[in-house]
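Encoded as structure tokens, the structure appears first; notes follow it.
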Amino acid sequence: MPDRPRSVERLLPLKPKTLHILLALADGPRHGYGIMQEVAARTDGHVRVWPAAMYGTLRELEELDLIAESDKRPSDDDERRRYFALTPLGKRVLSAEIRRLEAIVGHARASRALRRTARA
Amino acid sequence: MIRVYGRLLGLLRGRDPHEQRAIKEDAELLLDAARARGRGAVAATWIALMWDLLIVGTGHDLARAVRSLVRAPGFTLTVSVLLGLGVAATTTLFALIDAVILKPLPYADPERLVMVWESNVARNRVREGPSPGNVEDWVAQSEAFEALTGWWTASATLRGRDGSAPVTGVQVTNGFFEVFRRAPLLGRTFAGDEYLGRPSIASGRTGGQEPILVLSHRLWQTLGADPALVGGTVYVEGRNWRVLGVMPSDFAVPDVGAAFWTPWDIREAYRGARFPDGPPRDFRFLRVVGRLKPGLSREAATERLEVLAARIAADHPRTNAEWSVRLVPLRDELVRSSRAELLLVFGAVFCLLLLVCANVASLAIARRTARARELAIRLALGAGRARIVREHLAETALCALLTTLVAIVLTTWSLDAAIAFAPPDIPRLHEVEVNAGVVWFAIAVALLATAIGVVLPGVRSSSPPIAPALKDGAPLSGHRASRVRRALVVAEIGVTVVLLVGAGLLARSFAGLQRVDPGFDVRNLLVLRIAPDVTRYRGAQVTDYYGRVLDSIRELPGVVSAAAVTALPMSTIGQDFYRPYWLEGARPEGNAVPQANVRMATPGYFDALGLRLVSGREFSAQDAPGAPAVIIVNESLARSAWKGQDPLGRTLILDYQNGPSPRQVVGVVRDARYRGPRSEPAPELFIPHAQNPYLVMNVVARTTIDPAALAQSARAQALKVDSDQPVHSVTTMERLMDDTLQEDRFAMLFVALFAVAGLITAATGIYALLAYTVAQRRREIAVRMAIGASSSSVARLIVMESLTLALAGAVVGAIGVAAVSRLARSVLFGIAPQDPLTLAATAAVLLTVVLAASWLPARRAARIDPVHFMKE
């Protein structure tokens with residue numbers, strides 16, 4: 001698909017909660033409850049996602065082809081549970097978003113004014 | 001609880017059962033994890049889950065609702081404003097009821113406070129203010145009360161740095177602050193022995209002790225709210241009074257008009273040659289409140305006091321035979337008159353709110369019907385019912401929010417207006433405020449109203465059967481429902497007709513009242529009141545002082561004449577004496593002695609007032625203290641005393657001040673309506689001021705120019721004579737007469753307000769019904785147009801329907817008007833309830849509103865495009 005690179009740009013910036021959900025899936029497939037726990041753990045509980053909103057977001061991400069249901073699951077798990085994993089597009093969008101954020105952080109570090117306030 | 005969550009989930013996310021189950025399971029896992037951390041964590045998790053489900057999960061829909069509101073604000077705004085108006089009216093009444101009836105009195109243990117009356121059943125006088133002599137005995141001998149106090153109010157003149165003002169002082173007996181048990185805001189109240197030997201406000205006697213008082217919060221504010229005022233003095237009625245303290249702002253005994261409280265020594269007030277037996281038992285004028293002993297019921301206290309009253313009656317049969325007592329809870333006493341009226345109005349307003357809700361529901365149904373096809377198409381294409389419910393919920397939430405906002409804003413405004421326009425005799429009106437309770441009430445009623453108006457109709461329409469809705473034109477609701485809606489609209493129009501007729505009649509009656517001839521010429525009359533120091537002027541000095549004041553006012557350019565009198569017509573300030581009189585040698589026996597209002601007037605009074613002499617002469621300078629005692633009577637008195645014979649030169653005995661004494665009639669004047677256009681003339685009798693030099697007088701000056709323009713200079717002229725003597729209440733006679741119509745004005749505005757509310761309700765009712773009809777009959781109308789009906793004939797069809805409704809409503813209204821017309825007759829002045837002009841005006845207003853309300857639906861019907869419709 002020729003317009004793929006453009007569509008990656010078009011999806012940025014990600015909403016904070018979307019970013020956290022994608023990040024939670026970066027290390028491998030997880031089920032819904034696992035995503036909630038992972039997000040809470042990564043942020044020391046500062047960011048929480050709750051089920052009704054999360055499944056809404058997951059559905060949107062699925063429709064955008066950023067994530068997909070995964071077949072990889074631990075053998076001892078309840079088979080009704082749905083696992084989600086990043087698609088290749090999802091990985092590209094996530095790393096594009098991280099680069100975008102890094103650039104912003106870099107600008108911020110370079111800014112002398114900000115450094116002054118930081119010291120003060 | 002988890003089941004509730006599941007149900008809500010099903011309602012909102014019903015489309016995807018897998019997702020629904022996953023959400024629910026994860027919610028349960030979260031709750032399990034929270035349980036390990038304690039109940040606080042569980043509660044917090046629940047709140048988060050609900051917020052997540054209802055707000056975040058539906059966020060898109062709320063956003064969509066806000067967007068659709070901005071794009072097409074019509075429906076949501078109309079509904080919110082209508083409901084907001086209804087809720088605001090209900091909340092306003094609730095705030096009034098809350099302050100007047102519900103809130104406990106601001107005293108400790110208020111249920112132990114009782115008002116004590118003397119009662120004489122045989123003579124049908126059951127609410128007489130107790131007499132000083134009896135109160136003294138009750139205080140000394142009754143064991144029912146922890147404390148008992150009596151008081152009376154006196155008008156006084158307060159002089160400050162910038163002029164003087166009339167204030168009301170309350171003379172209270174020992175125990176007053178123990179009865180009400182209210183601590184002062186600043187300073188202290190009176191100690192028991194401080195009640196002894198104090199002078200009273202109006203009496204010239206000094207009483208031997210320094211005058212002391214406690215200020216009301218309001219007067220303290222007027223005087224600059226300086227805490228240092230406590231311990232200082234204020235100048236009242238020609239004396240300096242030491243200020244001991246200031247009461248809190250909600251302490252208003254007997255009412256909010258009380259400016260200060262001062263001790264009253266009953267013994268001191270009634271001694272000397274005039275009262276050889278001490279405080280009198282037959283001057284029944286005090287107001288008495290007692291604090292019952294703890295645990296003693298009112299019935300038990302009444303019993304004990306009745307025994308005591310019987311004993312006193314046996315000891316003093318001349319003054320106390322047949323007299324007993326009555327105890328009334330203070331709270332009942334305060335709200336006695338207003339309770340029923342307030343509850344009645346609240347009921348009326350609540351009915352209005354229900355009608356508004358019904359109309360809004362009708363509007364919502366009409367809208368849903370118009371959109372039924374769109375919904376059905378969306379459902380047929382696979383849109384989840386949940387999505388539609390969610391949209392509906394979001395829209396409703398927005399409606400409720402806007403309604404609450406509109407209601408609270410309008411309530412704060414309307415409360416200010418209500419306080420400004422309400423008759424001043426509603427007790428505790430000053431305590432009205434928008435407090436937390438009132439706000440919660442507004443929120444609760446707004447939610448309820450939104451639920452009735454928007455949610456109920458939505459519940460049915462969220463799941464319309466798809467097939468019939470797609471088959472356009474099929475009825476979506478039964479004929480019964482639409483008959484009920486029709487009947488409702490007819491009833492609304494009927495009520496509105498009654499209100500419109502009422503408002504019209506009151507307005508006409510009010511205009512009539514303003515045209516009534518009060519007996520004298522009210523135009524170009526300046527009025528001012530002077531209250532000289534009782535310590536400075538005595539006897540002939542008073543006559544001399546007023547002579548000089550009147551002369552100096554007459555010097556003003558624009559003043560034709562000036563005179564003074566004790567009590568002016570239309571004025572509420574001034575002393576009026578109601579005394580017995582009889583013809584020489586014909587003293588009647590028993591209670592049948594006729595009485596007349598006695599007034600003191602200076603020479604030229606009738607000329608200045610424009611009160612025509614029917615016969616005889618005015619007072620002149622010759623009617624001096626040594627000259628023969630003369631009087632002028634009005635026509636009413638002449639008629640009842642001499643039955644048509646010429647009263648000039650006859651003698652009349654008047655029982656006034658120093659006992660019965662003969663006075664000769666030298667003139668007869670026209671009757672005047674002393675207490676306003678509504679009052680009937682009463683017997684009156686005038687004494688030359690010089691022969692009875694009364695101290696506090698009202699001065700009137702007839703002017704050739706606008707009297708208000710002379711107010712300042714007339715006041716200055718009076719102060720030139722003696723700058724220490726307070727001149728106040730400078731106003732015009734026209735304004736005074738206007739004030740007597742306050743209650744009529746209030747009634748007129750009030751009914752007019754209701755009539756407008758009724759009109760709005762009826763108009764929305766008609767609009768909603770017609771909009772619904774048009775939406776439902778689109779197919780039929782399209783067919784009619786396709787076979788040749790013109791747009792105008794279709795519009796006429798809709799208008800005819802509304803006119804039929806209006807006619808039915810008018811008939812209902814006419815029956816209502818006939819039913820209440822007897823009631824109205826007692827309120828109306830100089831106009832019959834069948835006044836044709838009012839009825840015609842009502843019909844015109846009703847017709848206009850009905851046509852206006854049907855304009856939009858009629859236009860919509862006329863614009864239905866048959867071709868477009870057939871293609872669909």
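Identifiers in the structure tokens: chain A, B, ... in order shown; residue index from 1 per chain; ligand index from 1 in order shown.
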- Message: Need the shell around Leu213 (chain B): protein/DNA/RNA residues with any atom at most 9 Å away, counting only C-alpha atoms. Skip same-chain ones fewer than 2 positions apart. Format as a ChimeraX atom specification?
- Response: /B:189-190,211,215,241-245,260-263
Output as a short mmCIF file (atom, residue, chain, number, x, y, z; two decimals) with C-alpha atoms, in the first residue's frame the set of chain A residues within 7 Å of chain B, with distances taken over only C-alpha atoms.
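selection_10.cif, written as the output of this step:
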data_model
loop_
_atom_site.label_atom_id
_atom_site.label_comp_id
_atom_site.auth_asym_id
_atom_site.auth_seq_id
_atom_site.Cartn_x
_atom_site.Cartn_y
_atom_site.Cartn_z
CA TYR A 33 -6.68 -7.30 32.40
CA TRP A 50 -10.53 1.12 33.04
CA PRO A 51 -12.32 -1.65 31.18
CA ALA A 52 -15.21 0.10 29.41
CA ALA A 53 -13.02 2.80 27.92
CA TYR A 55 -12.11 -2.11 25.26
#
So which bits of region 545-630 of chain B end up strand (DSSP E) when you DSSP the backbone, as a CSV table (one decimal) with C-alpha atoms, in the first residue's frame?
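selection-v3.csv, freshly written:
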chain,number,residue,atom,x,y,z
B,559,VAL,CA,-45.8,77.1,47.9
B,560,VAL,CA,-49.4,78.3,48.0
B,561,SER,CA,-50.4,77.2,51.5
B,562,ALA,CA,-49.1,75.0,54.3
B,563,ALA,CA,-50.7,73.5,57.4
B,564,ALA,CA,-50.1,70.6,59.9
B,565,VAL,CA,-52.2,67.7,61.2
B,577,PHE,CA,-56.9,58.3,68.3
B,578,TYR,CA,-60.2,56.4,68.1
B,579,ARG,CA,-62.3,57.9,70.9
B,580,PRO,CA,-66.0,57.7,72.0
B,581,TYR,CA,-68.4,60.7,71.6
B,582,TRP,CA,-72.0,61.4,72.2
B,583,LEU,CA,-74.6,64.2,72.0
B,595,GLN,CA,-66.4,56.4,68.2
B,596,ALA,CA,-64.6,58.7,65.9
B,597,ASN,CA,-61.0,59.4,64.8
B,598,VAL,CA,-59.7,62.5,66.6
B,599,ARG,CA,-57.2,64.7,64.9
B,600,MET,CA,-55.5,67.9,65.7
B,601,ALA,CA,-55.1,70.4,62.8
B,613,LEU,CA,-65.8,72.7,53.7
B,614,VAL,CA,-69.4,71.8,53.3
B,615,SER,CA,-70.6,74.4,55.8
B,616,GLY,CA,-69.3,76.6,58.6
B,630,VAL,CA,-64.5,74.0,69.0
- Assign secondary structure with DSSP using the backbone only, and return the residues of region 522-771 of chain B in helix (DSSP H, G or I) as number ranges by chain. B: 540-554, 590-592, 605-609, 635-642, 689-691, 707-721, 733-740, 742-771
- Query: Leaving out Asn698 (chain B) and any residue of its chain fewer than 4 positions from it, which residues lie within 10 Å of it when counting only C-alpha atoms, given as a list in words?
  - Reply: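 Counting only the stated atoms, we get Val527, Leu528, Arg529, Ile530, Ala531, Ala563, Ala564, Val565, Thr566, Ala567, Leu568, Ser571, Ile573, Gly574, Gln575, Ala601, Val727, His728, Ser729 and Val730 of chain B.
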- Query: CA of Arg267 (chain B) and CA of Gly133 (chain B), how far apart in Å?
  - Reply: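 About the pair CA of Gly133 (chain B) and CA of Arg267 (chain B): they are 9.3 Å apart.
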